[in-house]
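Student: Can you keep this structure in mind? I'll have questions shortly.
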Amino acid sequence: MQVYSKSNLIQKDILRLKNDHSIGFVPTMGALHKGHISLIKKAKETNDIVVVSIFVNPTQFDKKEDLIHYPRTLKGDLKLLEESGCDMVFTPEVSELYTDKIEAEHFNFKGLENQMEGKFREGHFDGVGTIVRKFFQIIQPHHAYFGEKDFQQLQIIRSMVKSLNLPIKIIPCEIYRESDGLAMSSRNSRLTYDQRKAAPFIYKVLKEVQANFQTKSISFLQNFVEERFKQHPILHLEYFTIADEKTLKTAIRKGSTKKYRAFIAVYAGTIRLIDNISLN
Ligand code: PAF
């Protein structure tokens with residue numbers, strides 16, 4: 001496994017290989033867990049070379065505190081990557097990717113960016129778009145892998161690739177969960193013992209919504225979830241919404257031909273957890 005910190009060096013090696021090797025790319029912010037490894041395993045199934053980036057992108061954090069406390073575990077990450085069969089790792093410094101200013105470009109993701117996470121994390125998707133576009137320009141993969149836990153991010157990247165006509169296939173990867181149902185996330189490592197014990201409640205409620213989706217109205221389910229969290233001593237609901245999978249717009253009532261997903265963001269202390277589930 002080769003580790004790179006300079007974009008021109010990794011780009012040179014990838015361009016040399018690209019003609020007769022397929023390149024799979026898994027972007028990450030490090031603090032790797034089994035969810036990331038499952039993306040890498042999936043990338044290995046269909047690509048000759050798997051490239052992973054580890055970069056905590058400052059422009060996608062709306063809260064300075066969150067950026068400062070984001071877990072950084074490079075040594076352990078590299079060990080995991082080596083064991084998982086990753087071929088190339090890109091771990092640039094901030095100054096390597098933001099050469100002038102640490103600033104996001106502004107994107108128009110056709111309204112996808114204004115829903116859910118976009119409402120609560122100002123500028124977040126401009127930061128994601130900025131960094132993912134930079135990675136795509138440097139690495140130029142054939143396939144790029146994104147987890148469905150960040151479903152809105154996945155749809156936004158698909159929209160960006162389409163509008164920029166990039167020759168990159170975006171591969172969605174199912175949410176990887178702990179045995180108690182909690183969606184795997186680098187942020188889980190920051191939960192206290194009590195918060196970690198409480199956190200599977202999020203998936204439990206999502207499963208209840210899924211089980212009742214066919215027979216109950218959307219407004220009933222909305223109230224149901226709000227009530228379930230109202231009395232919770234540890235978890236605080238930021239938002240719950242049932243949305244159209246394509247437009248990500250909140251659904252008021254069900255249409256027979258559409259696909260819906262329930263999306264949720266919850267705070268455990270200062271730690272923000274998100275999750276989602278397909279409903280039909
Ligand atoms: O999903 C993430 O970990 C990040 O948003 C990504 C795609 C690596 C961009 O920084």
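By convention in this document, the chains of the structure tokens carry letters A, B, ... by their order, each chain's residues are numbered from 1, and ligands are numbered from 1 in the order they are shown.
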Neighbouring residues of Ile54 of chain A were defined as those with any atom within 9 Å, considering only C-alpha atoms; residues of the same chain fewer than 3 positions away were excluded. Please report them as a ChimeraX atom specification.

Tutor: /A:27-31,74,77,89-92

Student: Throw together the list of residues within 10 Å of ligand 1, counting only C-alpha atoms and all ligand atoms, and drop it here as a ChimeraX atom specification.

Tutor: /A:26-32,36,52-61,124-125,127-133,135,144-151,153-154,157,185-186

Student: As a PDB file with N, CA, C and O atoms, in the first residue's frame, list the residues of segment 171-280 of chain A assigned to strand (DSSP E or B) by DSSP on the backbone atoms of this structure.

Tutor:
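Final file, states.pdb:
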```
ATOM      1  N   ILE A 171     -21.317   4.715  -6.776  1.00  0.00           N
ATOM      2  CA  ILE A 171     -21.865   3.447  -6.276  1.00  0.00           C
ATOM      3  C   ILE A 171     -22.370   3.659  -4.839  1.00  0.00           C
ATOM      4  O   ILE A 171     -21.584   3.981  -3.942  1.00  0.00           O
ATOM      5  N   PRO A 172     -23.684   3.464  -4.631  1.00  0.00           N
ATOM      6  CA  PRO A 172     -24.215   3.609  -3.269  1.00  0.00           C
ATOM      7  C   PRO A 172     -23.933   2.362  -2.443  1.00  0.00           C
ATOM      8  O   PRO A 172     -23.948   1.249  -2.984  1.00  0.00           O
ATOM      9  N   CYS A 173     -23.659   2.530  -1.174  1.00  0.00           N
ATOM     10  CA  CYS A 173     -23.391   1.372  -0.301  1.00  0.00           C
ATOM     11  C   CYS A 173     -24.325   1.427   0.903  1.00  0.00           C
ATOM     12  O   CYS A 173     -24.462   2.479   1.546  1.00  0.00           O
ATOM     13  N   ARG A 177     -24.400  -1.331  10.145  1.00  0.00           N
ATOM     14  CA  ARG A 177     -24.886  -1.093  11.500  1.00  0.00           C
ATOM     15  C   ARG A 177     -24.181  -1.951  12.533  1.00  0.00           C
ATOM     16  O   ARG A 177     -23.740  -3.062  12.222  1.00  0.00           O
ATOM     17  N   ALA A 183     -26.313   2.994  13.444  1.00  0.00           N
ATOM     18  CA  ALA A 183     -25.560   3.175  12.191  1.00  0.00           C
ATOM     19  C   ALA A 183     -24.114   3.522  12.526  1.00  0.00           C
ATOM     20  O   ALA A 183     -23.860   4.381  13.380  1.00  0.00           O
ATOM     21  N   LEU A 235     -31.489  11.557  24.309  1.00  0.00           N
ATOM     22  CA  LEU A 235     -31.472  11.888  22.882  1.00  0.00           C
ATOM     23  C   LEU A 235     -32.456  13.013  22.568  1.00  0.00           C
ATOM     24  O   LEU A 235     -33.610  12.963  23.004  1.00  0.00           O
ATOM     25  N   HIS A 236     -31.997  14.003  21.821  1.00  0.00           N
ATOM     26  CA  HIS A 236     -32.844  15.149  21.481  1.00  0.00           C
ATOM     27  C   HIS A 236     -33.007  15.235  19.969  1.00  0.00           C
ATOM     28  O   HIS A 236     -32.013  15.310  19.241  1.00  0.00           O
ATOM     29  N   LEU A 237     -34.253  15.206  19.572  1.00  0.00           N
ATOM     30  CA  LEU A 237     -34.549  15.198  18.132  1.00  0.00           C
ATOM     31  C   LEU A 237     -34.278  16.571  17.520  1.00  0.00           C
ATOM     32  O   LEU A 237     -34.777  17.579  18.007  1.00  0.00           O
ATOM     33  N   GLU A 238     -33.478  16.594  16.456  1.00  0.00           N
ATOM     34  CA  GLU A 238     -33.315  17.857  15.721  1.00  0.00           C
ATOM     35  C   GLU A 238     -34.348  17.921  14.594  1.00  0.00           C
ATOM     36  O   GLU A 238     -35.077  18.866  14.466  1.00  0.00           O
ATOM     37  N   TYR A 239     -34.380  16.869  13.773  1.00  0.00           N
ATOM     38  CA  TYR A 239     -35.468  16.794  12.800  1.00  0.00           C
ATOM     39  C   TYR A 239     -35.780  15.345  12.479  1.00  0.00           C
ATOM     40  O   TYR A 239     -34.932  14.454  12.602  1.00  0.00           O
ATOM     41  N   PHE A 240     -37.023  15.142  12.106  1.00  0.00           N
ATOM     42  CA  PHE A 240     -37.440  13.863  11.510  1.00  0.00           C
ATOM     43  C   PHE A 240     -38.286  14.246  10.312  1.00  0.00           C
ATOM     44  O   PHE A 240     -39.149  15.120  10.412  1.00  0.00           O
ATOM     45  N   THR A 241     -38.036  13.621   9.191  1.00  0.00           N
ATOM     46  CA  THR A 241     -38.878  13.918   8.033  1.00  0.00           C
ATOM     47  C   THR A 241     -38.982  12.711   7.114  1.00  0.00           C
ATOM     48  O   THR A 241     -38.033  11.917   7.019  1.00  0.00           O
ATOM     49  N   ILE A 242     -40.143  12.582   6.506  1.00  0.00           N
ATOM     50  CA  ILE A 242     -40.308  11.553   5.472  1.00  0.00           C
ATOM     51  C   ILE A 242     -40.238  12.286   4.145  1.00  0.00           C
ATOM     52  O   ILE A 242     -40.972  13.267   3.937  1.00  0.00           O
ATOM     53  N   ALA A 243     -39.328  11.856   3.288  1.00  0.00           N
ATOM     54  CA  ALA A 243     -39.095  12.615   2.056  1.00  0.00           C
ATOM     55  C   ALA A 243     -39.047  11.695   0.843  1.00  0.00           C
ATOM     56  O   ALA A 243     -38.765  10.499   0.956  1.00  0.00           O
ATOM     57  N   ASP A 244     -39.297  12.320  -0.296  1.00  0.00           N
ATOM     58  CA  ASP A 244     -39.174  11.662  -1.591  1.00  0.00           C
ATOM     59  C   ASP A 244     -37.684  11.378  -1.817  1.00  0.00           C
ATOM     60  O   ASP A 244     -36.858  12.291  -1.694  1.00  0.00           O
ATOM     61  N   THR A 250     -39.758  17.079   1.613  1.00  0.00           N
ATOM     62  CA  THR A 250     -40.636  16.480   2.613  1.00  0.00           C
ATOM     63  C   THR A 250     -41.962  16.101   1.968  1.00  0.00           C
ATOM     64  O   THR A 250     -42.547  16.899   1.224  1.00  0.00           O
ATOM     65  N   TYR A 260     -40.001   6.491  -0.879  1.00  0.00           N
ATOM     66  CA  TYR A 260     -39.830   7.380   0.272  1.00  0.00           C
ATOM     67  C   TYR A 260     -38.780   6.835   1.237  1.00  0.00           C
ATOM     68  O   TYR A 260     -38.561   5.620   1.325  1.00  0.00           O
ATOM     69  N   ARG A 261     -38.204   7.780   1.966  1.00  0.00           N
ATOM     70  CA  ARG A 261     -37.258   7.444   3.014  1.00  0.00           C
ATOM     71  C   ARG A 261     -37.549   8.303   4.234  1.00  0.00           C
ATOM     72  O   ARG A 261     -37.978   9.459   4.092  1.00  0.00           O
ATOM     73  N   ALA A 262     -37.305   7.762   5.413  1.00  0.00           N
ATOM     74  CA  ALA A 262     -37.409   8.567   6.633  1.00  0.00           C
ATOM     75  C   ALA A 262     -35.996   8.982   7.028  1.00  0.00           C
ATOM     76  O   ALA A 262     -35.068   8.166   7.002  1.00  0.00           O
ATOM     77  N   PHE A 263     -35.841  10.256   7.357  1.00  0.00           N
ATOM     78  CA  PHE A 263     -34.531  10.817   7.715  1.00  0.00           C
ATOM     79  C   PHE A 263     -34.613  11.404   9.116  1.00  0.00           C
ATOM     80  O   PHE A 263     -35.611  12.037   9.469  1.00  0.00           O
ATOM     81  N   ILE A 264     -33.526  11.238   9.859  1.00  0.00           N
ATOM     82  CA  ILE A 264     -33.547  11.721  11.247  1.00  0.00           C
ATOM     83  C   ILE A 264     -32.180  12.270  11.659  1.00  0.00           C
ATOM     84  O   ILE A 264     -31.149  11.773  11.196  1.00  0.00           O
ATOM     85  N   ALA A 265     -32.207  13.323  12.457  1.00  0.00           N
ATOM     86  CA  ALA A 265     -30.972  13.845  13.079  1.00  0.00           C
ATOM     87  C   ALA A 265     -31.267  14.045  14.559  1.00  0.00           C
ATOM     88  O   ALA A 265     -32.314  14.609  14.926  1.00  0.00           O
ATOM     89  N   VAL A 266     -30.351  13.560  15.388  1.00  0.00           N
ATOM     90  CA  VAL A 266     -30.566  13.535  16.830  1.00  0.00           C
ATOM     91  C   VAL A 266     -29.288  13.986  17.526  1.00  0.00           C
ATOM     92  O   VAL A 266     -28.186  13.664  17.075  1.00  0.00           O
ATOM     93  N   TYR A 267     -29.441  14.727  18.598  1.00  0.00           N
ATOM     94  CA  TYR A 267     -28.275  15.070  19.421  1.00  0.00           C
ATOM     95  C   TYR A 267     -28.215  14.181  20.656  1.00  0.00           C
ATOM     96  O   TYR A 267     -29.220  13.978  21.330  1.00  0.00           O
ATOM     97  N   ALA A 268     -27.002  13.691  20.943  1.00  0.00           N
ATOM     98  CA  ALA A 268     -26.716  13.071  22.237  1.00  0.00           C
ATOM     99  C   ALA A 268     -25.657  13.988  22.842  1.00  0.00           C
ATOM    100  O   ALA A 268     -24.514  13.982  22.392  1.00  0.00           O
ATOM    101  N   ILE A 271     -23.068  15.674  20.474  1.00  0.00           N
ATOM    102  CA  ILE A 271     -22.760  14.817  19.321  1.00  0.00           C
ATOM    103  C   ILE A 271     -24.015  14.597  18.480  1.00  0.00           C
ATOM    104  O   ILE A 271     -25.054  14.181  18.987  1.00  0.00           O
ATOM    105  N   ARG A 272     -23.845  14.876  17.216  1.00  0.00           N
ATOM    106  CA  ARG A 272     -24.992  14.815  16.306  1.00  0.00           C
ATOM    107  C   ARG A 272     -24.946  13.501  15.525  1.00  0.00           C
ATOM    108  O   ARG A 272     -23.932  13.175  14.911  1.00  0.00           O
ATOM    109  N   LEU A 273     -26.063  12.761  15.571  1.00  0.00           N
ATOM    110  CA  LEU A 273     -26.131  11.472  14.878  1.00  0.00           C
ATOM    111  C   LEU A 273     -27.232  11.547  13.826  1.00  0.00           C
ATOM    112  O   LEU A 273     -28.316  12.069  14.095  1.00  0.00           O
ATOM    113  N   ILE A 274     -26.941  11.014  12.643  1.00  0.00           N
ATOM    114  CA  ILE A 274     -27.995  10.965  11.626  1.00  0.00           C
ATOM    115  C   ILE A 274     -28.210   9.520  11.181  1.00  0.00           C
ATOM    116  O   ILE A 274     -27.325   8.667  11.342  1.00  0.00           O
ATOM    117  N   ASP A 275     -29.396   9.287  10.642  1.00  0.00           N
ATOM    118  CA  ASP A 275     -29.713   7.949  10.152  1.00  0.00           C
ATOM    119  C   ASP A 275     -30.869   8.087   9.162  1.00  0.00           C
ATOM    120  O   ASP A 275     -31.502   9.150   9.077  1.00  0.00           O
ATOM    121  N   ASN A 276     -31.139   7.036   8.422  1.00  0.00           N
ATOM    122  CA  ASN A 276     -32.296   7.047   7.522  1.00  0.00           C
ATOM    123  C   ASN A 276     -32.674   5.618   7.186  1.00  0.00           C
ATOM    124  O   ASN A 276     -31.892   4.688   7.408  1.00  0.00           O
ATOM    125  N   ILE A 277     -33.896   5.479   6.675  1.00  0.00           N
ATOM    126  CA  ILE A 277     -34.380   4.131   6.335  1.00  0.00           C
ATOM    127  C   ILE A 277     -35.314   4.219   5.131  1.00  0.00           C
ATOM    128  O   ILE A 277     -36.088   5.172   5.012  1.00  0.00           O
ATOM    129  N   SER A 278     -35.211   3.224   4.264  1.00  0.00           N
ATOM    130  CA  SER A 278     -36.104   3.162   3.120  1.00  0.00           C
ATOM    131  C   SER A 278     -37.471   2.686   3.591  1.00  0.00           C
ATOM    132  O   SER A 278     -37.570   1.760   4.404  1.00  0.00           O
TER     133      SER A 278
END
```

Student: If you run DSSP on the backbone, which residues of segment 2-124 of chain A are alpha helix (DSSP H), as a ChimeraX atom specification?

Tutor: /A:7-18,34-46,64-69,74-84,94-97,116-120,124

Student: Name the residues in contact with Asn114 of chain A at a cut-off of 12 Å, using only C-alpha atoms, excluding same-chain residues fewer than 4 positions from it; report them as a short mmCIF file (atom, residue, chain, number, x, y, z; two decimals) with all heavy atoms, in the first residue's frame.

Tutor:
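File selection10.cif, as written:
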```cif
data_model
loop_
_atom_site.label_atom_id
_atom_site.label_comp_id
_atom_site.auth_asym_id
_atom_site.auth_seq_id
_atom_site.Cartn_x
_atom_site.Cartn_y
_atom_site.Cartn_z
N PHE A 107 -22.32 25.96 -4.79
CA PHE A 107 -22.91 25.03 -5.76
C PHE A 107 -24.42 25.20 -5.82
O PHE A 107 -25.04 25.57 -4.84
CB PHE A 107 -22.62 23.58 -5.36
CG PHE A 107 -21.21 23.15 -5.58
CD1 PHE A 107 -20.24 23.44 -4.64
CD2 PHE A 107 -20.85 22.45 -6.72
CE1 PHE A 107 -18.92 23.03 -4.83
CE2 PHE A 107 -19.54 22.05 -6.92
CZ PHE A 107 -18.58 22.34 -5.97
N ASN A 108 -24.95 24.86 -6.98
CA ASN A 108 -26.40 24.75 -7.09
C ASN A 108 -26.72 23.28 -7.35
O ASN A 108 -26.46 22.77 -8.43
CB ASN A 108 -26.87 25.63 -8.26
CG ASN A 108 -28.34 25.47 -8.54
OD1 ASN A 108 -29.01 24.66 -7.88
ND2 ASN A 108 -28.86 26.20 -9.51
N PHE A 109 -27.24 22.63 -6.32
CA PHE A 109 -27.56 21.21 -6.47
C PHE A 109 -29.06 21.04 -6.72
O PHE A 109 -29.67 20.08 -6.26
CB PHE A 109 -27.14 20.44 -5.22
CG PHE A 109 -25.65 20.42 -4.98
CD1 PHE A 109 -25.12 21.02 -3.84
CD2 PHE A 109 -24.78 19.79 -5.85
CE1 PHE A 109 -23.75 21.00 -3.59
CE2 PHE A 109 -23.42 19.77 -5.61
CZ PHE A 109 -22.90 20.37 -4.48
N LYS A 110 -29.64 22.00 -7.38
CA LYS A 110 -31.05 21.97 -7.79
C LYS A 110 -32.01 21.78 -6.61
O LYS A 110 -32.97 21.01 -6.69
CB LYS A 110 -31.27 20.87 -8.82
CG LYS A 110 -30.34 21.00 -10.01
CD LYS A 110 -30.84 20.25 -11.21
CE LYS A 110 -29.96 20.45 -12.40
NZ LYS A 110 -28.74 19.64 -12.36
N GLY A 118 -29.08 20.42 4.93
CA GLY A 118 -28.81 21.76 4.39
C GLY A 118 -29.46 22.85 5.23
O GLY A 118 -28.93 23.95 5.35
N LYS A 119 -30.61 22.54 5.83
CA LYS A 119 -31.31 23.53 6.67
C LYS A 119 -30.59 23.72 7.99
O LYS A 119 -30.59 24.79 8.57
CB LYS A 119 -32.73 23.04 6.97
CG LYS A 119 -33.69 23.25 5.83
CD LYS A 119 -35.11 22.95 6.27
CE LYS A 119 -36.00 22.85 5.06
NZ LYS A 119 -37.08 21.89 5.21
N PHE A 120 -30.02 22.63 8.50
CA PHE A 120 -29.45 22.69 9.84
C PHE A 120 -27.93 22.87 9.86
O PHE A 120 -27.36 23.15 10.89
CB PHE A 120 -29.84 21.42 10.63
CG PHE A 120 -31.30 21.40 10.97
CD1 PHE A 120 -32.22 20.82 10.14
CD2 PHE A 120 -31.74 22.02 12.13
CE1 PHE A 120 -33.58 20.82 10.44
CE2 PHE A 120 -33.09 22.04 12.46
CZ PHE A 120 -34.01 21.44 11.61
N ARG A 121 -27.27 22.65 8.72
CA ARG A 121 -25.81 22.79 8.68
C ARG A 121 -25.46 23.72 7.51
O ARG A 121 -25.21 23.27 6.40
CB ARG A 121 -25.15 21.42 8.49
CG ARG A 121 -25.49 20.45 9.60
CD ARG A 121 -24.76 19.15 9.39
NE ARG A 121 -23.33 19.29 9.63
CZ ARG A 121 -22.43 18.34 9.37
NH1 ARG A 121 -22.82 17.21 8.87
NH2 ARG A 121 -21.15 18.54 9.61
N GLU A 122 -25.47 25.00 7.83
CA GLU A 122 -25.28 26.01 6.78
C GLU A 122 -23.96 25.81 6.04
O GLU A 122 -22.91 25.68 6.66
CB GLU A 122 -25.33 27.39 7.42
CG GLU A 122 -25.97 28.41 6.50
CD GLU A 122 -25.67 29.80 6.95
OE1 GLU A 122 -25.73 30.05 8.17
OE2 GLU A 122 -25.37 30.63 6.06
N GLY A 123 -24.04 25.78 4.72
CA GLY A 123 -22.83 25.70 3.89
C GLY A 123 -22.22 24.31 3.83
O GLY A 123 -21.23 24.09 3.12
N HIS A 124 -22.81 23.35 4.53
CA HIS A 124 -22.22 22.01 4.60
C HIS A 124 -22.02 21.40 3.21
O HIS A 124 -20.94 20.91 2.88
CB HIS A 124 -23.12 21.11 5.46
CG HIS A 124 -22.73 19.67 5.44
ND1 HIS A 124 -21.56 19.21 5.98
CD2 HIS A 124 -23.37 18.57 4.91
CE1 HIS A 124 -21.48 17.91 5.79
NE2 HIS A 124 -22.56 17.49 5.16
N PHE A 125 -23.05 21.47 2.38
CA PHE A 125 -22.94 20.79 1.08
C PHE A 125 -22.06 21.55 0.08
O PHE A 125 -21.52 20.94 -0.84
CB PHE A 125 -24.33 20.48 0.51
CG PHE A 125 -25.01 19.39 1.29
CD1 PHE A 125 -26.19 19.62 1.98
CD2 PHE A 125 -24.44 18.13 1.38
CE1 PHE A 125 -26.80 18.62 2.72
CE2 PHE A 125 -25.04 17.11 2.13
CZ PHE A 125 -26.21 17.37 2.81
N ASP A 126 -21.90 22.85 0.27
CA ASP A 126 -20.91 23.56 -0.54
C ASP A 126 -19.52 23.02 -0.20
O ASP A 126 -18.69 22.81 -1.09
CB ASP A 126 -20.96 25.07 -0.26
CG ASP A 126 -22.09 25.76 -1.00
OD1 ASP A 126 -22.58 25.18 -1.99
OD2 ASP A 126 -22.49 26.86 -0.58
N GLN A 152 -28.40 12.13 1.70
CA GLN A 152 -28.52 13.42 1.00
C GLN A 152 -27.21 13.75 0.29
O GLN A 152 -27.21 14.23 -0.85
CB GLN A 152 -28.86 14.51 2.03
CG GLN A 152 -29.21 15.84 1.41
CD GLN A 152 -29.77 16.82 2.42
OE1 GLN A 152 -29.76 16.57 3.63
NE2 GLN A 152 -30.25 17.96 1.94
N GLN A 153 -26.09 13.47 0.96
CA GLN A 153 -24.78 13.67 0.33
C GLN A 153 -24.66 12.82 -0.94
O GLN A 153 -24.20 13.30 -1.98
CB GLN A 153 -23.68 13.30 1.33
CG GLN A 153 -22.30 13.18 0.73
CD GLN A 153 -21.23 12.96 1.79
OE1 GLN A 153 -20.79 13.88 2.42
NE2 GLN A 153 -20.78 11.72 1.98
N ILE A 156 -26.59 14.36 -3.71
CA ILE A 156 -25.94 15.60 -4.15
C ILE A 156 -24.71 15.30 -5.01
O ILE A 156 -24.47 15.94 -6.03
CB ILE A 156 -25.62 16.46 -2.90
CG1 ILE A 156 -26.89 17.25 -2.55
CG2 ILE A 156 -24.43 17.38 -3.10
CD1 ILE A 156 -26.84 18.03 -1.28
N THR A 247 -36.19 13.78 -4.87
CA THR A 247 -36.11 15.24 -4.70
C THR A 247 -35.65 15.62 -3.29
O THR A 247 -35.24 16.74 -3.06
CB THR A 247 -37.49 15.89 -4.93
OG1 THR A 247 -38.38 15.38 -3.92
CG2 THR A 247 -38.04 15.55 -6.30
N LEU A 248 -35.79 14.70 -2.37
CA LEU A 248 -35.52 14.90 -0.94
C LEU A 248 -36.47 15.91 -0.30
O LEU A 248 -36.25 16.37 0.81
CB LEU A 248 -34.06 15.32 -0.70
CG LEU A 248 -32.99 14.33 -1.17
CD1 LEU A 248 -31.61 14.85 -0.85
CD2 LEU A 248 -33.19 12.95 -0.54
N LYS A 249 -37.54 16.24 -1.03
CA LYS A 249 -38.53 17.16 -0.46
C LYS A 249 -39.42 16.40 0.53
O LYS A 249 -39.80 15.26 0.26
CB LYS A 249 -39.39 17.76 -1.57
CG LYS A 249 -38.66 18.81 -2.33
CD LYS A 249 -39.62 19.62 -3.18
CE LYS A 249 -38.85 20.66 -3.95
NZ LYS A 249 -39.25 20.78 -5.33
N THR A 250 -39.76 17.08 1.61
CA THR A 250 -40.64 16.48 2.61
C THR A 250 -41.96 16.10 1.97
O THR A 250 -42.55 16.90 1.22
CB THR A 250 -40.88 17.49 3.76
OG1 THR A 250 -39.62 17.72 4.39
CG2 THR A 250 -41.86 16.97 4.78
#
```

Student: Between A:Ile14, A:Ile23, A:Ala198, A:Ala211, which is the closest to Pro141 of chain A once you count only C-alpha atoms?

Tutor: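 Selected residue with least distance to Pro141 of chain A: A:Ile23.
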
Student: Between atom CA of Arg190 of chain A and atom CA of His69 of chain A, what distance in Å does the model show, to one decimal?

Tutor: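 Interatomic distance here is 8.7 Å.
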
Student: Give the answer as one residue: which of A:Ile175, A:Leu39, A:Leu279, A:Ile168 has the shortest atom-to-atom distance to Phe213 of chain A, using only C-alpha atoms?

Tutor: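 With only C-alpha atoms as the atom set, the closest residue is A:Leu279.
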
Student: With only C-alpha atoms as the counted atoms, please give the residues lying no more than 7 Å from Met88 of chain A, apart from itself and same-chain residues fewer than 3 positions off, as an MDAnalysis selection string.

Tutor: chainID A and resid 1:3 50:52

Student: Would you put the residues from that selection into a file with all heavy atoms, as a JSON list (two decimals), in the first residue's frame?

Tutor:
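The new file out_17.json reads:
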```
[["chain", "number", "residue", "atom", "x", "y", "z"],
["A", 1, "MET", "N", 0.85, -1.20, 0.00],
["A", 1, "MET", "CA", 0.00, 0.00, 0.00],
["A", 1, "MET", "C", 0.89, 1.25, 0.00],
["A", 1, "MET", "O", 1.81, 1.36, 0.79],
["A", 1, "MET", "CB", -0.89, -0.01, 1.26],
["A", 1, "MET", "CG", -1.87, 1.13, 1.33],
["A", 1, "MET", "SD", -2.97, 0.99, 2.77],
["A", 1, "MET", "CE", -1.95, 1.69, 4.07],
["A", 2, "GLN", "N", 0.58, 2.14, -0.92],
["A", 2, "GLN", "CA", 1.37, 3.36, -1.06],
["A", 2, "GLN", "C", 0.61, 4.54, -0.43],
["A", 2, "GLN", "O", -0.59, 4.68, -0.67],
["A", 2, "GLN", "CB", 1.56, 3.60, -2.57],
["A", 2, "GLN", "CG", 2.54, 4.65, -2.94],
["A", 2, "GLN", "CD", 3.98, 4.12, -2.97],
["A", 2, "GLN", "OE1", 4.18, 2.94, -3.18],
["A", 2, "GLN", "NE2", 4.93, 5.00, -2.72],
["A", 3, "VAL", "N", 1.30, 5.34, 0.38],
["A", 3, "VAL", "CA", 0.65, 6.49, 1.02],
["A", 3, "VAL", "C", 1.19, 7.78, 0.39],
["A", 3, "VAL", "O", 2.40, 7.95, 0.26],
["A", 3, "VAL", "CB", 0.92, 6.50, 2.55],
["A", 3, "VAL", "CG1", 0.21, 7.68, 3.23],
["A", 3, "VAL", "CG2", 0.47, 5.18, 3.18],
["A", 50, "VAL", "N", -7.72, 0.21, -5.60],
["A", 50, "VAL", "CA", -8.61, 0.95, -4.70],
["A", 50, "VAL", "C", -7.83, 2.08, -4.02],
["A", 50, "VAL", "O", -6.80, 1.85, -3.39],
["A", 50, "VAL", "CB", -9.28, 0.03, -3.66],
["A", 50, "VAL", "CG1", -10.07, 0.85, -2.64],
["A", 50, "VAL", "CG2", -10.20, -0.96, -4.35],
["A", 51, "VAL", "N", -8.36, 3.29, -4.17],
["A", 51, "VAL", "CA", -7.74, 4.48, -3.59],
["A", 51, "VAL", "C", -8.66, 4.99, -2.48],
["A", 51, "VAL", "O", -9.87, 5.12, -2.69],
["A", 51, "VAL", "CB", -7.60, 5.60, -4.66],
["A", 51, "VAL", "CG1", -6.89, 6.82, -4.08],
["A", 51, "VAL", "CG2", -6.88, 5.08, -5.89],
["A", 52, "VAL", "N", -8.09, 5.28, -1.31],
["A", 52, "VAL", "CA", -8.87, 5.84, -0.20],
["A", 52, "VAL", "C", -8.26, 7.18, 0.18],
["A", 52, "VAL", "O", -7.03, 7.30, 0.28],
["A", 52, "VAL", "CB", -8.84, 4.89, 1.02],
["A", 52, "VAL", "CG1", -9.55, 5.52, 2.23],
["A", 52, "VAL", "CG2", -9.50, 3.55, 0.68]]
```

Student: Can you measure atom CA of Glu93 of chain A to atom CA of Ser5 of chain A for me? One decimal in Å is fine.

Tutor: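 Computed distance, atom CA of Glu93 of chain A to atom CA of Ser5 of chain A, equals 7.0 Å.
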
Student: Identify which of the residues A:Arg72, A:His143, A:Lys41, A:Lys6 lies closest to Glu96 of chain A, counting only C-alpha atoms when measuring atom-to-atom distances.

Tutor: A:Lys6

Student: In Å to one decimal, how far is atom CA of Gln137 of chain A from atom CA of Ser7 of chain A?

Tutor: 9.9 Å
